[in-house]
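Structure first, commentary second.
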Amino acid sequence: MAQIFLNQKKINKAKALGANIAQNIHDYIKDYTTDSVERSVLRLYGVDDADDEKTPLCNKIVDILKKEKLINSGVSKYFAAAMLKTDSHANKTAEMIINNKIDLKKVLSMQSLEKISEKEQTLAQDAVSVLDRSKKVKNAKKAGFPLCEKPYRYVIVATGNIYEDCTQAESAVYSGADIIAVIRSTAQSLLDYIPSGATTTGFGGTYATQKNFSIMRSALDKISKQQKRYIRLVNYASGLCMPEIAVCSAFEDLDILLNDSMYGILFRDINMKRTFIDQHFSRLICTRADIMINTGEDNYLTTSDAVEKAHSVTASQIINEAMAKQALLPDDLLGLGHAFEIDPEMENGFLYELAHAMLAKKLFPNAPLKYMPPTKHKSRDIFFSICMDTMFNLASIATNQGIHLAGMPTEAVHTPSMSERHQALNSVNYVFNTAKNLCDEIEFKKDGIISKRAKQVLDSTIDLLEKINKSGLMSAISQGWFAQIKREPDKGKGFDGVIKKSENYSNPVFDIISK
Amino acid sequence: MAQIFLNQKKINKAKALGANIAQNIHDYIKDYTTDSVERSVLRLYGVDDADDEKTPLCNKIVDILKKEKLINSGVSKYFAAAMLKTDSHANKTAEMIINNKIDLKKVLSMQSLEKISEKEQTLAQDAVSVLDRSKKVKNAKKAGFPLCEKPYRYVIVATGNIYEDCTQAESAVYSGADIIAVIRSTAQSLLDYIPSGATTTGFGGTYATQKNFSIMRSALDKISKQQKRYIRLVNYASGLCMPEIAVCSAFEDLDILLNDSMYGILFRDINMKRTFIDQHFSRLICTRADIMINTGEDNYLTTSDAVEKAHSVTASQIINEAMAKQALLPDDLLGLGHAFEIDPEMENGFLYELAHAMLAKKLFPNAPLKYMPPTKHKSRDIFFSICMDTMFNLASIATNQGIHLAGMPTEAVHTPSMSERHQALNSVNYVFNTAKNLCDEIEFKKDGIISKRAKQVLDSTIDLLEKINKSGLMSAISQGWFAQIKREPDKGKGFDGVIKKSENYSNPVFDIISK
Amino acid sequence: MNKNLIKPYGDTLNDGIIQLCFTLPVKNSAKAKKAAAVYLSELNLEEIRIVHCHRIAENFTYIVAFARAIPFIDYSKVKADEAETGKLDFYKINKLIKEKLMRKIVVVGASIGCDAHSVGIDAIMNMKGYNHDYGLERYPQIDAYNLGAQITCEELVSYSVRVNADAVLVSQTVSAKDAHIGNLTQLVEILEAENLKDKFILIAGGPDISNDFACKLGYDAGFGHSTIPSSVASFIVTKLLKKKGEI
Amino acid sequence: MNKNLIKPYGDTLNDGIIQLCFTLPVKNSAKAKKAAAVYLSELNLEEIRIVHCHRIAENFTYIVAFARAIPFIDYSKVKADEAETGKLDFYKINKLIKEKLMRKIVVVGASIGCDAHSVGIDAIMNMKGYNHDYGLERYPQIDAYNLGAQITCEELVSYSVRVNADAVLVSQTVSAKDAHIGNLTQLVEILEAENLKDKFILIAGGPDISNDFACKLGYDAGFGHSTIPSSVASFIVTKLLKKKGEI
Ligand code: B12
Ligand code: B12
Ligand SMILES: Cc1ncc(COP(=O)(O)O)c(C=O)c1O
Ligand SMILES: Cc1ncc(COP(=O)(O)O)c(C=O)c1O
């Protein structure tokens with residue numbers, strides 16, 4: 001790979017600061033659960049139905065527990081007890097609870113705590129084996145095809161209609177895509193439940209539902225076979241339902257989830273405590289089910305300047321990595337994000353992009369970095385946008401990135417149409433092939449613009465991490481140190497879903513997968 | 001500049017072979033003149049009118065001399081004598097000759113040879129001072145603006161209508177062009193005369209006429225002032241009228257001429273002797289009038305494969321340089337051509353392009369290399385073509401080229417329209433700025449693909465030059481060693497215009513400018 | 001020919017050349033190529049050149065074409081539909097407010113509904129401004145309140161009433177499946193229901209919003225892509241002065 | 001709806017989305033932008049979005065637009081207009097010539113007029129061929145003569161008569177200001193004048209040539225961009241067999 005020289009001691013220092021920052025958050029969150037974590041437990045236990053109004057049963061049950069003020073002990077034991085009582089499957093049991101056929105207030109006293117605990121264990125073991133199954137199934141599928149070369153070619157589909165999405169995905173794979181991301185309908189991340197069923201009415205994206213996941217998964221499996229390569233499926237976890245989305249994704253064998261420890265806080269005004277707790281559980285699930293996470297540092301550069309605030313991206317990557325390590329994620333599932341977002345009018349901007357991209361590679365040599373294309377400065381002159389993307393494609397192959405989001409000529413116009421995705425992939429395919437081994441050929445001058453820039457960003461990162469470590473991450477966020485957006489620890493959406501664990505809180509799935 | 005290591009001894013060897021090859025040609029051509037050289041003398045003496053059928057008077061006079069078998073002595077003394085006789089200006093004299101008012105057979109005997117020779121000297125001195133004037137005028141204009149940064153941005157206009165060409169040129173300059181080339185109407189190079197007047201009816205280009213030159217020159221001067229930078233004007237010399245075009249270009253203050261020692265032979269089936277003689281005189285004029293030449297090695301790669309025959313480009317550059325040196329051209333007027341023409345589907349093709357581009361820089365460090373965009377492998381998917389051009393733009397700035405022909409998205413479709421030129425220049429402007437100093441940053445691995453490739457091409461070049469030197473250039477061409485096109489020494493268009501000089505041949509302009 | 005009659009220009013006046021790109025939902029084949037040409041002939045085009053056809057899915061063909069457009073339009077009859085701003089600058093605007101209105105004016109802005117895009121409204125409101133043009137917060141004579149993104153119509157209205165706003169600025173970026181129309185319409189309905197419609201100068205903005213479009217929805221003006229803050233301030237001041245009878 | 005009715009596809013069936021790019025010969029301004037929209041509405045388009053306007057000269061505005069195309073066409077009624085080649089391959093063609101025609105066939109090719117582009121005709125004639133498809137010179141049953149470029153019509157005709165050609169292949173690349181039409185027409189006129197028109201199978205080819213177009217000029221067939229040699233050989237053989245009454 002093209003090399004730049006960085007002081008290893010500085011790298012170590014930055015990593016140590018990150019670990020400390022993450023540990024402090026971890027010390028806080030270990031005493032809390034959330035509505036969504038509890039709903040995830042129900043989903044893991046098999047509750048996946050919705051009522052006639054399309055409200056998921058798991059939401060209703062958690063609401064009941066909250067109303068009854070029982071939630072602090074966790075939903076697990078109540079539901080296990082209820083299942084013992086009904087002696088039926090999970091959805092049936094859930095229905096009976098909702099229809100007041102079973103009173104959760106009383107259900108614990110109806111059988112021995114030992115039996116309940118045993119049932120919890122069985123349910124949890126079953127749940128975990130479902131997660132394990134997903135890992136196995138995916139590995140088996142991958143084994144059937146030749147290894148996919150990096151950078152993986154990643155495109156989004158966003159028609160709002162899952163069936164049209166499949167058509168678009170098929171075309172994208174045909175043009176060379178390795179990864180298909182189904183973008184969610186705008187603001188789904190603010191919904192405190194996961195919609196259900198196949199959907200056709202999203203805005204700027206398609207609802208993330210378990211059914212939609214499975215429809216797309218089948219479509220991709222079909223194309224995989226035709227094209228003789230494994231096609232990865234991506235959806236979005238960050239939001240009010242992070243862990244639940246992770247569960248559904250594991251059920252439907254998704255490969256990657258957008259899952260950032262701070263995106264929801266900053267860009268969706270979701271409460272930070274809620275987010276920190278949710279991301280942890282969701283990532284534990286990803287670890288177990290072999291789902292790669294993709295973080296969202298690229299987003300910072302849509303509100304901040306990419307040169308001025310480059311170090312905030314690096315600092316966030318280090319924090320995201322440290323938090324991921326708390327959730328046991330191995331390096332190869334760590335799709336840390338960064339982006340090619342420097343103003344195209346900046347003199348030598350491309351040199352800075354190379355510096356940033358190589359810094360990320362140097363800091364996270366084993367992580368499959370997710371490299372985002374230019375978006376903010378994309379032109380509405382689609383012909384010019386293609387030039388920017390071509391340069392981005394080159395930066396990606398020249399610095400050996402892991403996951404390459406194909407930039408779209410119409411980025412500044414509309415969600416991509418079928419022809420535009422084809423145009424975008426044509427450029428990616430061409431550049432990746434024509435400059436295939438460029439990364440092995442070039443060396444950068446030690447004292448050149450590029451090397452100096454990488455050092456400078458690393459230095460600023462360490463400064464920022466030191467400040468954050470001193471004040472604590474929550475306070476850092478409330479001071480607007482990321483993306484220049486300020487969020488208060490006790491404000492934001494979903495704060496009422498943060499729950500203090502009681503002494504007898506139980507969540508056996510958590511216990512198993514966090515070991 | 002990005003560096004590759006080449007053995008200086010090998011470079012010297014290649015250059016020595018080139019010098020030898022050129023010397024052999026020179027030894028041949030010094031005893032010959034051509035119709036066009038003689039017509040150039042007339043143009044230099046002031047004969048620029050045409051008759052009612054638009055046939056240039058200079059053609060008619062040379063025809064008369066040929067018919068009378070007087071041409072071997074050169075037109076100069078006959079015309080000088082005639083002028084003495086008429087005591088009028090050149091066009092008037094020419095008219096009288098054509099209307100048989102003056103008999104060229106007899107004109108020499110009508111006055112003393114000394115007086116004629118004196119008149120020739122005056123005419124020649126005046127002619128040369130016109131050439132010198134052009135150099136001065138251009139330098140004065142340039143001095144009025146800031147220095148233009150290399151690579152110069154070069155675009156073509158080709159509407160067929162000189163007035164539309166001006167509109168197109170204005171727009172191109174507005175979008176950033178530094179150089180405007182007015183492409184000639186298809187096959188003008190096969191016309192054995194220069195059309196006259198303002199023209200509006202060309203096919204795939206606009207006729208090169210002195211009037212058209214002057215119309216475009218004024219248009220560009222106007223835009224120059226508006227945009228506060230000097231805009232260079234290009235036309236095409238290679239063809240049956242090489243030296244005459246050079247003369248007209250000097251008269252109208254053109255800056256650059258496409259002027260290759262072999263293009264016409266290979267691509268236009270023009271007789272090789274004719275071409276060698278014509279190019280020499282035309283280049284002498286360029287030297288004197290400060291007109292940069294651009295050679296056409298890029299064309300080879302439209303009929304040969306760019307990887308397989310890369311060394312034929314290099315060999316031709318070396319020969320073109322050696323011949324240019326015979327015509328006293330200084331390095332800064334030596335726009336040697338090469339091109340980015342490797343199949344976009346070739347793995348690591350871009351690395352090869354970089355190798356070729358750097359080899360050229362290394363061989364001709366002081367020549368303003370003319371770098372041509374992809375043309376042969378351009379897609380009719382204009383969106384993909386933009387990707388190719390963007391990579392080409394990068395190769396150009398990364399290797400510090402002199403003159404950059406902007407690639408057009410519609411290269412494989414039609415001659416460029418106004419919007420397409422704008423799109424093309426947008427890409428050039430962006431890449432040149434965003435990667436401005438990339439060339440100072442990168443070093444290539446000594447034993448990498450790029451370095452090896454450059455060495456390999458140099459080696460093959462030396463092999464080829466050795467073969468050419470052994471067989472002689474004319475025989476090399478007849479064996480198809482350039483562009484895989486075979487041409488016979490005594491075949492091809494314009495052979496009947498090759499004239500053996502008699503002992504008393506005179507061409508005082510030649511004598512002055514070849515010193 | 002009437003010199004006001006215009007059509008596209010390729011490289012010669014009135015050659016009518018235009019470029020098109022689209023996908024047809026049919027299998028790539030000679031017939032698909034022909035269909036593309038037939039289709040374009042339905043669009044008032046001639047000398048159609050289908051220069052590129054490519055299969056981009058089993059039953060989809062990607063097409064690049066050039067053609068000559070047939071109609072002319074009379075340019076003298078075209079009427080631009082941008083909001084009339086008078087094009088005042090920072091200094092003139094502040095001066096006018098101070099001297100003619102003789103009080104500070106109050107502007108409230110937000111990106112409404114589930115639209116999380118705040119950069120657009122920020123560009124208009126924040127100190128820093130946009131494209132070297134100061135944002136409204138910088139104007140000494142304007143009290144500017146930027147509520148940010150994801151603001152419900154109700155929140156925006158009650159806030160505007162509270163601070164006695166002169167103008168309410170609404171940003172909408174997501175327009176897929178007409179998402180923006182729903183949000184913008186809802187705001188107007190609420191204002192009408194509460195009889196507040198004429199209390200505020202109501203302005204919409206966003207990359208896909210034109211003045212025409214916004215006016216049709218009941219807004220006083222609409223501003224599109226690359227609007228600069230002073231155009232908006234200009235419009236507001238001019239409108240207020242008109243209301244006051246000062247112009 | 002009749003499922004044969006089609007229109008462009010953006011990301012949803014029948015959304016009609018197409019992209020356009022062109023230049024208008026007017027000064028960039030709000031009025032120019034509006035004119036672009038008005039113009040496109042004359043092209044049977046709706047929901048027109050002029051997404052980009054840029055001054056590219058004093059009085060010229062560059063425009064990028066998206067819109068929805070209104071008409072449908074009936075795909076079942078579209079008739080492709082490629083030459084009917086029967087799609088035989090190298091081996092079948094040689095076999096057919098040998099077994100059914102029982103003599104070698106003679107083909108002469110050239111790029112005529114002042115057109116110096118020879119790569120196209122070479123692609124069809126040379127041994128090497130094009131896109132992994134052998135050129136006519138490689139066919140054991142074909143005597144192929146490639147005269148190259150810049151050949152006058154007269155030269156081509158007299159040569160073809162001399163070698164008793166079965167088929168004459170003509171290449172034309174330069175089509176600016178319809179340069180190719182002149183050359184192609186001239187050849188047909190000469191052949192007609194000399195009563196040779198029916199003696200040869202007359203085929204035109206080049207990037208801008210379609211079968212329709214060539215047939216209209218009096219050619220037996222026309223072949224466009226990325227033609228492979230076997231298609232041409234296929235056409236010739238099929239035609240000769242038909243003449244002979246073998247099919
Ligand atoms: C930055 C960005 C984001 C950021 C937003 C961060 C933030 N805090 O704002 C993040 C990453 C969060 C984001 C998310 C999404 N985005 Co977004 N995003 C963009 C992006 C890259 C840039 C937008 C921008 O900041 N432009 C710069 C500003 C200055 O320009 P502007 O908004 O046009 O504003 C100017 C004018 O319009 C006007 N103006 C704007 N508002 C107002 C208001 C008034 C009153 C006035 C007078 C003027 C005015 O003045 C401004 C200055 O000139 C665009 C693509 C692009 N390059 O345009 C996509 C884009 C807007 N996003 C898009 C989508 C679909 C989404 C998502 C829905 C995707 C998804 N499903 O997850 C999400 C969810 C967003 C949501 N629910 O709203 C689409 C919208 C498609 C469409 N037309 O419907 C775009 C076009 C990308 C694409 N091609 O798909 N996005
Ligand atoms: C190579 C080339 C040249 C070379 C030609 C070398 C040579 N010996 O052929 C050189 C440098 C000499 C040249 C010169 C010029 N060129 Co040129 N050239 C090209 C270029 C880059 C590639 C053409 C090519 O080789 N294509 C590859 C072959 C295999 O494809 P093809 O020709 O389409 O052939 C295929 C089919 O069409 C078909 N086919 C072709 N002929 C025939 C015949 C038969 C019988 C059949 C069955 C099939 C068939 O089969 C072939 C295989 O599939 C094109 C741009 C481009 N990328 O297309 C411009 C291009 C063709 N040139 C162009 C122009 C304008 C010129 C000049 C006139 C410019 C000038 N004013 O100086 C000159 C003069 C040429 C002249 N008088 O003819 C324009 C033509 C514009 C137009 N549509 O009118 C083009 C499109 C470039 C542009 N955008 O401006 N050119
Ligand atoms: C990490 C991460 N999560 C989620 C999202 C999308 O979230 P939403 O659905 O809230 O738009 C993004 C968007 O870019 C992201 O980067
Ligand atoms: C050196 C040189 N001369 C002349 C020309 C153009 O010549 P013609 O007018 O014969 O097409 C070219 C074309 O590319 C060239 O490279």
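Each chain of the structure tokens is named A, B, ... in the order shown, its residues numbered from 1; ligands are numbered from 1 in display order.
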
### Message
Using only C-alpha atoms, I'd like every residue of chain B that has an atom within 10 Å of chain D; please write them out as JSON, numbers by chain.
### Response
{"B": [158, 159, 160, 167, 168, 169, 170, 171, 172, 173, 174, 175, 185, 186, 187, 188, 190, 201, 202, 203, 204, 205, 267, 268, 269, 302, 303, 304, 376, 380, 412, 413, 414, 415, 417, 418, 419, 420, 421, 422, 423]}

### Query
Please, which residues of chain C lie no more than 8 Å from chain D when the count uses only C-alpha atoms, and can they be set out as a VMD selection string?
chain C and resid 6 to 10 13 17 to 25 30 to 35 38 to 39 42 to 45 69 71 to 73 75 78 to 82

#### Entry: Spatial neighbours of Ser506 (chain A), max dist 7 Å, only C-alpha atoms, sep filter under 3 positions, as a list in words
Ser73, Gly74, Ser76 and Lys77 of chain A

Could you save those same residues with N, CA, C and O atoms as a PDB file, in the first residue's frame?
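Here's the written file result15.pdb:
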ATOM      1  N   SER A  73     -37.015  -4.766  35.699  1.00  0.00           N
ATOM      2  CA  SER A  73     -36.476  -6.117  35.876  1.00  0.00           C
ATOM      3  C   SER A  73     -36.209  -6.789  34.528  1.00  0.00           C
ATOM      4  O   SER A  73     -35.729  -7.920  34.478  1.00  0.00           O
ATOM      5  N   GLY A  74     -36.611  -6.141  33.484  1.00  0.00           N
ATOM      6  CA  GLY A  74     -36.408  -6.729  32.159  1.00  0.00           C
ATOM      7  C   GLY A  74     -37.599  -7.586  31.763  1.00  0.00           C
ATOM      8  O   GLY A  74     -38.300  -8.146  32.631  1.00  0.00           O
ATOM      9  N   SER A  76     -37.583 -10.337  30.064  1.00  0.00           N
ATOM     10  CA  SER A  76     -37.277 -11.750  29.878  1.00  0.00           C
ATOM     11  C   SER A  76     -38.046 -12.669  30.820  1.00  0.00           C
ATOM     12  O   SER A  76     -38.752 -13.577  30.395  1.00  0.00           O
ATOM     13  N   LYS A  77     -37.905 -12.410  32.105  1.00  0.00           N
ATOM     14  CA  LYS A  77     -38.514 -13.360  33.048  1.00  0.00           C
ATOM     15  C   LYS A  77     -40.026 -13.338  32.965  1.00  0.00           C
ATOM     16  O   LYS A  77     -40.682 -14.366  33.066  1.00  0.00           O
TER      17      LYS A  77
END

### Task
Would you kindly report the residues of chain B within 7 Å of chain A, using only C-alpha atoms, as a PyMOL selection string?
chain B and resi 344-351+383-384+386-387+390+423+426-427+430+433-438+441-445+448

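Based on only C-alpha atoms and all ligand atoms, the protein and nucleic acid residues found within 8 Å of ligand 3 are, by chain and then by number, Ile183, Arg184, Ser185, Thr186, Ala187, Gln188, Ser189, Leu190, Tyr236, Ala237, Ser238, Gly239, Leu258, Asn259, Asp260, Ser261, Met262, Tyr263, Gly264, Phe267, Arg268, Asn294, Thr295, Gly296, Glu297, Asp298 and Asn299 of chain A; Ala116 of chain C.
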
Keeping only N, CA and C atoms, write those residues as a PDB file, in the first residue's frame.
ATOM      1  N   ILE A 183     -31.901   1.805   1.510  1.00  0.00           N
ATOM      2  CA  ILE A 183     -32.031   3.009   2.331  1.00  0.00           C
ATOM      3  C   ILE A 183     -33.418   3.036   2.956  1.00  0.00           C
ATOM      4  N   ARG A 184     -33.471   3.499   4.225  1.00  0.00           N
ATOM      5  CA  ARG A 184     -34.774   3.551   4.875  1.00  0.00           C
ATOM      6  C   ARG A 184     -35.568   4.782   4.481  1.00  0.00           C
ATOM      7  N   SER A 185     -36.864   4.675   4.631  1.00  0.00           N
ATOM      8  CA  SER A 185     -37.737   5.816   4.396  1.00  0.00           C
ATOM      9  C   SER A 185     -37.319   6.927   5.356  1.00  0.00           C
ATOM     10  N   THR A 186     -37.443   8.155   4.872  1.00  0.00           N
ATOM     11  CA  THR A 186     -36.982   9.269   5.678  1.00  0.00           C
ATOM     12  C   THR A 186     -37.635   9.261   7.065  1.00  0.00           C
ATOM     13  N   ALA A 187     -36.783   9.421   8.075  1.00  0.00           N
ATOM     14  CA  ALA A 187     -37.217   9.515   9.470  1.00  0.00           C
ATOM     15  C   ALA A 187     -37.733   8.216  10.075  1.00  0.00           C
ATOM     16  N   GLN A 188     -37.492   7.104   9.416  1.00  0.00           N
ATOM     17  CA  GLN A 188     -37.872   5.866  10.090  1.00  0.00           C
ATOM     18  C   GLN A 188     -37.088   5.733  11.383  1.00  0.00           C
ATOM     19  N   SER A 189     -35.881   6.286  11.420  1.00  0.00           N
ATOM     20  CA  SER A 189     -35.074   6.152  12.634  1.00  0.00           C
ATOM     21  C   SER A 189     -35.737   6.796  13.845  1.00  0.00           C
ATOM     22  N   LEU A 190     -36.731   7.643  13.587  1.00  0.00           N
ATOM     23  CA  LEU A 190     -37.424   8.268  14.713  1.00  0.00           C
ATOM     24  C   LEU A 190     -38.642   7.478  15.156  1.00  0.00           C
ATOM     25  N   TYR A 236     -30.053  -0.295   7.903  1.00  0.00           N
ATOM     26  CA  TYR A 236     -29.665   0.752   8.851  1.00  0.00           C
ATOM     27  C   TYR A 236     -30.165   0.416  10.234  1.00  0.00           C
ATOM     28  N   ALA A 237     -29.266   0.388  11.231  1.00  0.00           N
ATOM     29  CA  ALA A 237     -29.681   0.126  12.602  1.00  0.00           C
ATOM     30  C   ALA A 237     -29.864   1.433  13.363  1.00  0.00           C
ATOM     31  N   SER A 238     -28.888   2.349  13.254  1.00  0.00           N
ATOM     32  CA  SER A 238     -28.936   3.568  14.077  1.00  0.00           C
ATOM     33  C   SER A 238     -30.333   4.185  14.048  1.00  0.00           C
ATOM     34  N   GLY A 239     -30.813   4.600  15.223  1.00  0.00           N
ATOM     35  CA  GLY A 239     -32.153   5.131  15.326  1.00  0.00           C
ATOM     36  C   GLY A 239     -32.748   4.634  16.644  1.00  0.00           C
ATOM     37  N   LEU A 258     -25.643  -0.291   9.141  1.00  0.00           N
ATOM     38  CA  LEU A 258     -25.200   1.033   9.544  1.00  0.00           C
ATOM     39  C   LEU A 258     -25.468   1.116  11.027  1.00  0.00           C
ATOM     40  N   ASN A 259     -24.414   1.323  11.818  1.00  0.00           N
ATOM     41  CA  ASN A 259     -24.549   1.187  13.259  1.00  0.00           C
ATOM     42  C   ASN A 259     -23.462   2.032  13.883  1.00  0.00           C
ATOM     43  N   ASP A 260     -23.868   3.239  14.240  1.00  0.00           N
ATOM     44  CA  ASP A 260     -22.889   4.197  14.754  1.00  0.00           C
ATOM     45  C   ASP A 260     -23.234   4.518  16.200  1.00  0.00           C
ATOM     46  N   SER A 261     -22.196   4.720  16.996  1.00  0.00           N
ATOM     47  CA  SER A 261     -22.461   4.980  18.403  1.00  0.00           C
ATOM     48  C   SER A 261     -22.986   6.387  18.636  1.00  0.00           C
ATOM     49  N   MET A 262     -22.885   7.268  17.647  1.00  0.00           N
ATOM     50  CA  MET A 262     -23.314   8.656  17.877  1.00  0.00           C
ATOM     51  C   MET A 262     -24.206   9.262  16.797  1.00  0.00           C
ATOM     52  N   TYR A 263     -24.327   8.604  15.640  1.00  0.00           N
ATOM     53  CA  TYR A 263     -25.083   9.205  14.538  1.00  0.00           C
ATOM     54  C   TYR A 263     -26.482   9.666  14.956  1.00  0.00           C
ATOM     55  N   GLY A 264     -27.201   8.773  15.635  1.00  0.00           N
ATOM     56  CA  GLY A 264     -28.576   9.094  16.013  1.00  0.00           C
ATOM     57  C   GLY A 264     -28.640  10.315  16.913  1.00  0.00           C
ATOM     58  N   PHE A 267     -27.471  13.452  14.449  1.00  0.00           N
ATOM     59  CA  PHE A 267     -28.210  13.780  13.229  1.00  0.00           C
ATOM     60  C   PHE A 267     -29.707  13.547  13.341  1.00  0.00           C
ATOM     61  N   ARG A 268     -30.097  12.847  14.409  1.00  0.00           N
ATOM     62  CA  ARG A 268     -31.517  12.559  14.568  1.00  0.00           C
ATOM     63  C   ARG A 268     -32.057  13.074  15.883  1.00  0.00           C
ATOM     64  N   ASN A 294     -21.209  -0.547  10.037  1.00  0.00           N
ATOM     65  CA  ASN A 294     -20.661   0.605   9.323  1.00  0.00           C
ATOM     66  C   ASN A 294     -20.959   1.832  10.160  1.00  0.00           C
ATOM     67  N   THR A 295     -19.931   2.594  10.462  1.00  0.00           N
ATOM     68  CA  THR A 295     -20.164   3.792  11.257  1.00  0.00           C
ATOM     69  C   THR A 295     -20.371   4.998  10.334  1.00  0.00           C
ATOM     70  N   GLY A 296     -20.775   6.130  10.918  1.00  0.00           N
ATOM     71  CA  GLY A 296     -21.266   7.225  10.078  1.00  0.00           C
ATOM     72  C   GLY A 296     -20.487   8.518  10.168  1.00  0.00           C
ATOM     73  N   GLU A 297     -19.166   8.399  10.321  1.00  0.00           N
ATOM     74  CA  GLU A 297     -18.365   9.623  10.452  1.00  0.00           C
ATOM     75  C   GLU A 297     -18.490  10.533   9.240  1.00  0.00           C
ATOM     76  N   ASP A 298     -18.762   9.949   8.102  1.00  0.00           N
ATOM     77  CA  ASP A 298     -18.937  10.732   6.885  1.00  0.00           C
ATOM     78  C   ASP A 298     -19.965  11.849   7.081  1.00  0.00           C
ATOM     79  N   ASN A 299     -20.971  11.576   7.907  1.00  0.00           N
ATOM     80  CA  ASN A 299     -22.028  12.564   8.090  1.00  0.00           C
ATOM     81  C   ASN A 299     -21.528  13.881   8.688  1.00  0.00           C
TER      82      ASN A 299
ATOM     83  N   ALA C 116     -34.737  16.082   8.032  1.00  0.00           N
ATOM     84  CA  ALA C 116     -33.598  16.312   8.922  1.00  0.00           C
ATOM     85  C   ALA C 116     -32.534  17.199   8.293  1.00  0.00           C
TER      86      ALA C 116
END
